[in-house]
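Trainee: Before I ask anything, here is the structure I am working with.
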Amino acid sequence: MPIISFILTYYNLPVQMLCECIDSILALSLSAEEREIIVIDDGSDVSPMNELMKYGDDIIYVRQKNGGVSVARNAGLHMAKGTYIQFVDGDDQLILTPYEQCLDIVRRQPQAEIILFDFTHQLHEKANPRGNISPKSGAELMKNHNIRGSVWSCLFRQSVRGKLEFTPGIEYGEDEEFVSQLILRAEVVYPTDYKAYYYRKHHTSVTQQKEKDRIQKRLTDSLSVIKHLNTQADRMPHTDRLALQRRVAQLSMDYIYNTIILTRSGKELDRCLEELRQEGLFPLPDQNYTKKYVWFRKMTNTSLGLTFLLYSLPLLKKER
């Protein structure tokens, strides 16, 4: 049984990016028996199979009808045989030295269920000082800290997932929905600041698409995720509920923020706030989660503050 199954999702990207992604995994200190590399081609216009022949038995290539990233990831999960799972987008890479530090935790701490790490836009990163990384339960971590909602920023044990999968049809925020529930299932989480993942930002990236229909899809998907997690929180034990409610509040804040940034419309902002209000999520909960959260909550509590945000935030040209 492999130690880690690497699940790579690919759709209409330059094949060279996919090859660089695979090469970054092959460079790790894992033998062929210890790793499993599964490439899920989600119905690309042109199959990259010819360029992948050079990898031989080092990879498993699966081509399927286009169904979106959630369906592609689920296909990889169904196939994976590894003790641990690592998702990697086909246009990104793992960074050798800091990712090896994550592997060290897997090898030295057999009870570890999830190892969390950070990403960077720089391809080369040095090892971080090890320091004292104290394991925490998922509920404790989420209740007291912000988490990184990207699925590729965590190396997790397959058994923790259970039957948890990605929701088909959700193209934006599917990571947040999956990761939040995954972390709550874990009793032993190692949060690190290792910058072990190279996130390649380019014009074809999902988060860089600005067309009106894509913007609407992004906001609709985000709201669906918020509603689902909010419903899940109501059914959970007290500690888990508090942890997930914090995450829902943060996602609600992001939803308001991105509605302003992406639409720059007072009408759309009013619609956004009314949708959250119907779910009991607006006004934002009166909690001191972070300084930014407190500031944003106070600004959205007044009409003057909302007007200020509507006209000032787009000038920053930055998305959460």
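Just so we're on the same page: first chain in the structure tokens is A, next is B, and so on; residues restart at 1 for each chain, and ligands are numbered from 1 in the order they show up.
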Set the distance at 12 Å and use only C-alpha atoms: which residues neighbour region 89-91 of chain A once local chain neighbours fewer than 4 positions away are removed? I'd like the list as an NGL selection string.
Mentor: :A and (6-25 or 37-42 or 48 or 69-70 or 72-73 or 150-153 or 197-206)
Trainee: For the structure I just gave you, how does DSSP split region 160-278 of chain A - specifically, which residues are strand (DSSP E or B)? Reply as an MDAnalysis selection string.
Mentor: chainID A and resid 189:198
Trainee: Write out as a PyMOL selection string the residues lying within 7 Å of region 33-35 of chain A, counting only C-alpha atoms and excluding same-chain residues fewer than 6 positions away.
Mentor: chain A and resi 2-5
Trainee: Output the selection as a PDB file, in the first residue's frame - N, CA and C atoms for each residue.
Mentor:
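To be explicit, this is the file written out as out29.pdb:
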ATOM      1  N   PRO A   2       0.643   2.181  -0.911  1.00  0.00           N
ATOM      2  CA  PRO A   2       1.440   3.410  -0.939  1.00  0.00           C
ATOM      3  C   PRO A   2       1.231   4.226   0.330  1.00  0.00           C
ATOM      4  N   ILE A   3       2.244   4.998   0.704  1.00  0.00           N
ATOM      5  CA  ILE A   3       2.094   5.907   1.829  1.00  0.00           C
ATOM      6  C   ILE A   3       1.186   7.071   1.434  1.00  0.00           C
ATOM      7  N   ILE A   4       1.422   7.618   0.236  1.00  0.00           N
ATOM      8  CA  ILE A   4       0.656   8.779  -0.208  1.00  0.00           C
ATOM      9  C   ILE A   4       0.145   8.571  -1.631  1.00  0.00           C
ATOM     10  N   SER A   5      -1.125   8.879  -1.821  1.00  0.00           N
ATOM     11  CA  SER A   5      -1.702   8.972  -3.162  1.00  0.00           C
ATOM     12  C   SER A   5      -1.784  10.448  -3.525  1.00  0.00           C
TER      13      SER A   5
END
Trainee: At a cut-off of 10 Å, using only C-alpha atoms, what residues contact Leu77 (chain A)? Leave out same-chain residues fewer than 2 positions from it and give the result as JSON, numbers by chain.
Mentor: {"A": [5, 6, 7, 38, 71, 72, 73, 74, 75, 79, 80, 81, 82, 85, 87, 158, 161, 163, 164, 165, 166]}
Trainee: Just the selected residues (N, CA and C atoms), exported as a PDB file, in the first residue's frame, please.
Mentor:
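Final output, selection-v4.pdb:
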ATOM      1  N   SER A   5      -1.125   8.879  -1.821  1.00  0.00           N
ATOM      2  CA  SER A   5      -1.702   8.972  -3.162  1.00  0.00           C
ATOM      3  C   SER A   5      -1.784  10.448  -3.525  1.00  0.00           C
ATOM      4  N   PHE A   6      -1.108  10.830  -4.596  1.00  0.00           N
ATOM      5  CA  PHE A   6      -1.156  12.199  -5.104  1.00  0.00           C
ATOM      6  C   PHE A   6      -2.210  12.256  -6.205  1.00  0.00           C
ATOM      7  N   ILE A   7      -3.232  13.065  -6.014  1.00  0.00           N
ATOM      8  CA  ILE A   7      -4.313  13.175  -6.986  1.00  0.00           C
ATOM      9  C   ILE A   7      -4.171  14.502  -7.721  1.00  0.00           C
ATOM     10  N   ILE A  38      -1.964   9.809  -9.397  1.00  0.00           N
ATOM     11  CA  ILE A  38      -3.170   9.621 -10.209  1.00  0.00           C
ATOM     12  C   ILE A  38      -3.476  10.934 -10.919  1.00  0.00           C
ATOM     13  N   VAL A  71     -16.009  16.658  -9.426  1.00  0.00           N
ATOM     14  CA  VAL A  71     -16.191  15.303  -9.947  1.00  0.00           C
ATOM     15  C   VAL A  71     -14.832  14.654 -10.201  1.00  0.00           C
ATOM     16  N   ALA A  72     -13.891  15.424 -10.740  1.00  0.00           N
ATOM     17  CA  ALA A  72     -12.555  14.888 -11.013  1.00  0.00           C
ATOM     18  C   ALA A  72     -11.855  14.461  -9.722  1.00  0.00           C
ATOM     19  N   ARG A  73     -11.963  15.277  -8.697  1.00  0.00           N
ATOM     20  CA  ARG A  73     -11.324  14.926  -7.421  1.00  0.00           C
ATOM     21  C   ARG A  73     -11.974  13.700  -6.795  1.00  0.00           C
ATOM     22  N   ASN A  74     -13.292  13.616  -6.886  1.00  0.00           N
ATOM     23  CA  ASN A  74     -13.977  12.431  -6.355  1.00  0.00           C
ATOM     24  C   ASN A  74     -13.524  11.169  -7.071  1.00  0.00           C
ATOM     25  N   ALA A  75     -13.309  11.260  -8.379  1.00  0.00           N
ATOM     26  CA  ALA A  75     -12.831  10.102  -9.144  1.00  0.00           C
ATOM     27  C   ALA A  75     -11.472   9.652  -8.617  1.00  0.00           C
ATOM     28  N   MET A  79     -10.259   5.989  -6.482  1.00  0.00           N
ATOM     29  CA  MET A  79      -9.176   5.124  -6.955  1.00  0.00           C
ATOM     30  C   MET A  79      -8.021   5.004  -5.965  1.00  0.00           C
ATOM     31  N   ALA A  80      -7.833   6.014  -5.144  1.00  0.00           N
ATOM     32  CA  ALA A  80      -6.627   6.122  -4.318  1.00  0.00           C
ATOM     33  C   ALA A  80      -6.500   4.967  -3.330  1.00  0.00           C
ATOM     34  N   LYS A  81      -5.287   4.435  -3.235  1.00  0.00           N
ATOM     35  CA  LYS A  81      -5.000   3.335  -2.324  1.00  0.00           C
ATOM     36  C   LYS A  81      -4.068   3.737  -1.182  1.00  0.00           C
ATOM     37  N   GLY A  82      -3.569   4.961  -1.219  1.00  0.00           N
ATOM     38  CA  GLY A  82      -2.594   5.395  -0.231  1.00  0.00           C
ATOM     39  C   GLY A  82      -3.180   5.601   1.152  1.00  0.00           C
ATOM     40  N   ILE A  85      -3.626  11.172   1.532  1.00  0.00           N
ATOM     41  CA  ILE A  85      -4.038  11.778   0.273  1.00  0.00           C
ATOM     42  C   ILE A  85      -3.448  13.176   0.163  1.00  0.00           C
ATOM     43  N   PHE A  87      -3.857  16.334  -2.658  1.00  0.00           N
ATOM     44  CA  PHE A  87      -4.352  16.897  -3.911  1.00  0.00           C
ATOM     45  C   PHE A  87      -3.349  17.916  -4.438  1.00  0.00           C
ATOM     46  N   GLN A 158      -6.394   9.031   4.728  1.00  0.00           N
ATOM     47  CA  GLN A 158      -7.586   8.599   3.992  1.00  0.00           C
ATOM     48  C   GLN A 158      -8.718   8.194   4.935  1.00  0.00           C
ATOM     49  N   ARG A 161     -11.256  10.841   6.192  1.00  0.00           N
ATOM     50  CA  ARG A 161     -12.261  11.311   5.248  1.00  0.00           C
ATOM     51  C   ARG A 161     -13.566  10.555   5.361  1.00  0.00           C
ATOM     52  N   LYS A 163     -16.612   8.909   4.244  1.00  0.00           N
ATOM     53  CA  LYS A 163     -17.342   8.997   2.974  1.00  0.00           C
ATOM     54  C   LYS A 163     -17.451  10.437   2.478  1.00  0.00           C
ATOM     55  N   LEU A 164     -16.710  11.340   3.092  1.00  0.00           N
ATOM     56  CA  LEU A 164     -16.755  12.743   2.689  1.00  0.00           C
ATOM     57  C   LEU A 164     -16.230  12.907   1.265  1.00  0.00           C
ATOM     58  N   GLU A 165     -16.987  13.630   0.437  1.00  0.00           N
ATOM     59  CA  GLU A 165     -16.585  13.899  -0.938  1.00  0.00           C
ATOM     60  C   GLU A 165     -16.878  15.348  -1.289  1.00  0.00           C
ATOM     61  N   PHE A 166     -16.447  15.745  -2.476  1.00  0.00           N
ATOM     62  CA  PHE A 166     -16.735  17.080  -2.980  1.00  0.00           C
ATOM     63  C   PHE A 166     -18.128  17.093  -3.607  1.00  0.00           C
TER      64      PHE A 166
END
Trainee: Per DSSP on the backbone, filter region 64-104 of chain A down to the residues in helix (DSSP H, G or I) and report them as a list in words.
Mentor: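 Result set for region 64-104 of chain A (helix (DSSP H, G or I)): Val69, Ser70, Val71, Ala72, Arg73, Asn74, Ala75, Gly76, Leu77, His78, Met79, Leu96, Thr97, Pro98, Tyr99, Glu100, Gln101, Cys102, Leu103 and Asp104 of chain A.
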Trainee: Find the spatial neighbours of Leu262 (chain A), counting only C-alpha atoms, within a cut-off of 7 Å - ignore same-chain residues fewer than 3 positions away - and output them as a PyMOL selection string.
Mentor: chain A and resi 215+258-259
Trainee: Could you give me, as number ranges by chain, the residues within 7 Å of region 242-257 of chain A, counting only C-alpha atoms and dropping anything in the same chain fewer than 2 positions from it?
Mentor: A: 139, 142-143, 222, 226, 229-230, 233, 238-240, 259-261, 272, 284-285, 320
Trainee: Those same residues - N, CA and C atoms - I'd like them written as a compact mmCIF listing (two decimals), in the first residue's frame.
Mentor:
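In the end it all went to selection-v7.txt:
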# COMPACT_ATOMS: atom_id res chain seq x y z
N ALA A 139 -11.28 20.39 15.94
CA ALA A 139 -12.25 21.31 16.52
C ALA A 139 -11.56 22.42 17.29
N MET A 142 -9.93 24.89 14.72
CA MET A 142 -10.89 25.75 14.01
C MET A 142 -11.60 26.72 14.94
N LYS A 143 -11.77 26.35 16.18
CA LYS A 143 -12.48 27.21 17.11
C LYS A 143 -11.66 28.43 17.51
N SER A 222 -20.42 30.08 -3.64
CA SER A 222 -19.97 30.47 -2.30
C SER A 222 -21.14 30.47 -1.33
N ILE A 226 -21.74 28.15 2.10
CA ILE A 226 -22.04 28.77 3.40
C ILE A 226 -23.31 28.17 3.99
N LEU A 229 -22.66 24.46 5.17
CA LEU A 229 -21.87 24.38 6.40
C LEU A 229 -22.66 24.90 7.59
N ASN A 230 -23.47 25.91 7.39
CA ASN A 230 -24.30 26.44 8.47
C ASN A 230 -25.32 25.40 8.93
N ALA A 233 -23.45 22.77 10.95
CA ALA A 233 -23.10 23.25 12.29
C ALA A 233 -24.24 23.05 13.28
N HIS A 238 -21.48 20.61 20.72
CA HIS A 238 -21.22 22.01 21.07
C HIS A 238 -19.88 22.52 20.56
N THR A 239 -18.79 21.82 20.85
CA THR A 239 -17.46 22.31 20.48
C THR A 239 -17.30 22.37 18.96
N ASP A 240 -17.74 21.32 18.28
CA ASP A 240 -17.66 21.31 16.82
C ASP A 240 -18.52 22.41 16.23
N THR A 259 -18.48 40.05 -3.12
CA THR A 259 -19.62 40.64 -3.83
C THR A 259 -19.30 42.09 -4.18
N ILE A 260 -18.71 42.81 -3.24
CA ILE A 260 -18.34 44.21 -3.49
C ILE A 260 -17.24 44.29 -4.54
N ILE A 261 -16.19 43.50 -4.37
CA ILE A 261 -15.03 43.57 -5.25
C ILE A 261 -15.39 43.16 -6.68
N CYS A 272 -26.98 40.30 -1.63
CA CYS A 272 -26.06 39.46 -0.84
C CYS A 272 -26.42 39.51 0.64
N LEU A 284 -23.29 40.10 10.81
CA LEU A 284 -22.27 39.12 11.17
C LEU A 284 -22.25 38.93 12.68
N PRO A 285 -22.00 37.70 13.15
CA PRO A 285 -21.99 37.42 14.60
C PRO A 285 -21.04 38.35 15.36
N ARG A 320 -10.09 38.57 -1.42
CA ARG A 320 -9.76 37.69 -0.33
C ARG A 320 -9.68 36.28 -0.86
Trainee: Fewer than 3 positions away in the same chain doesn't count, so skip those; otherwise give me all residues within 8 Å of region 180-194 of chain A, counting only C-alpha atoms, as an NGL selection string.
Mentor: :A and (98-99 or 101-102 or 111-119 or 127-128 or 133-139 or 142 or 149 or 160-161 or 164 or 176-177 or 240 or 244 or 247)
Trainee: What does the distance from CA of Asp286 (chain A) to CA of Phe308 (chain A) come to in Å, to one decimal?
Mentor: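 The value is 20.4 Å.
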Trainee: Compare A:Leu310, A:Met236, A:Leu315, A:Met299 by their minimum atom-to-atom distance to Gly266 (chain A), counting only C-alpha atoms, and give me the closest one.
Mentor: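 Residue with the minimum atom-to-atom distance to Gly266 (chain A): A:Leu310.
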Trainee: Which residue is closest to Tyr84 (chain A)? Choose from A:Leu155, A:Leu52, A:Leu96, A:Val62 and count only C-alpha atoms.
Mentor: A:Leu155
Trainee: Provide the CA of Arg63 (chain A) to CA of Gly169 (chain A) distance in Å, to one decimal place.
Mentor: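 Result for CA of Arg63 (chain A) versus CA of Gly169 (chain A): 18.5 Å, one decimal.
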Trainee: Counting only C-alpha atoms, figure out which residue out of A:Ile147, A:Ala32, A:Leu123, A:Leu276 gets nearest to Ser224 (chain A).
Mentor: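 Among A:Ile147, A:Ala32, A:Leu123, A:Leu276, it is A:Leu276 that comes nearest to Ser224 (chain A).
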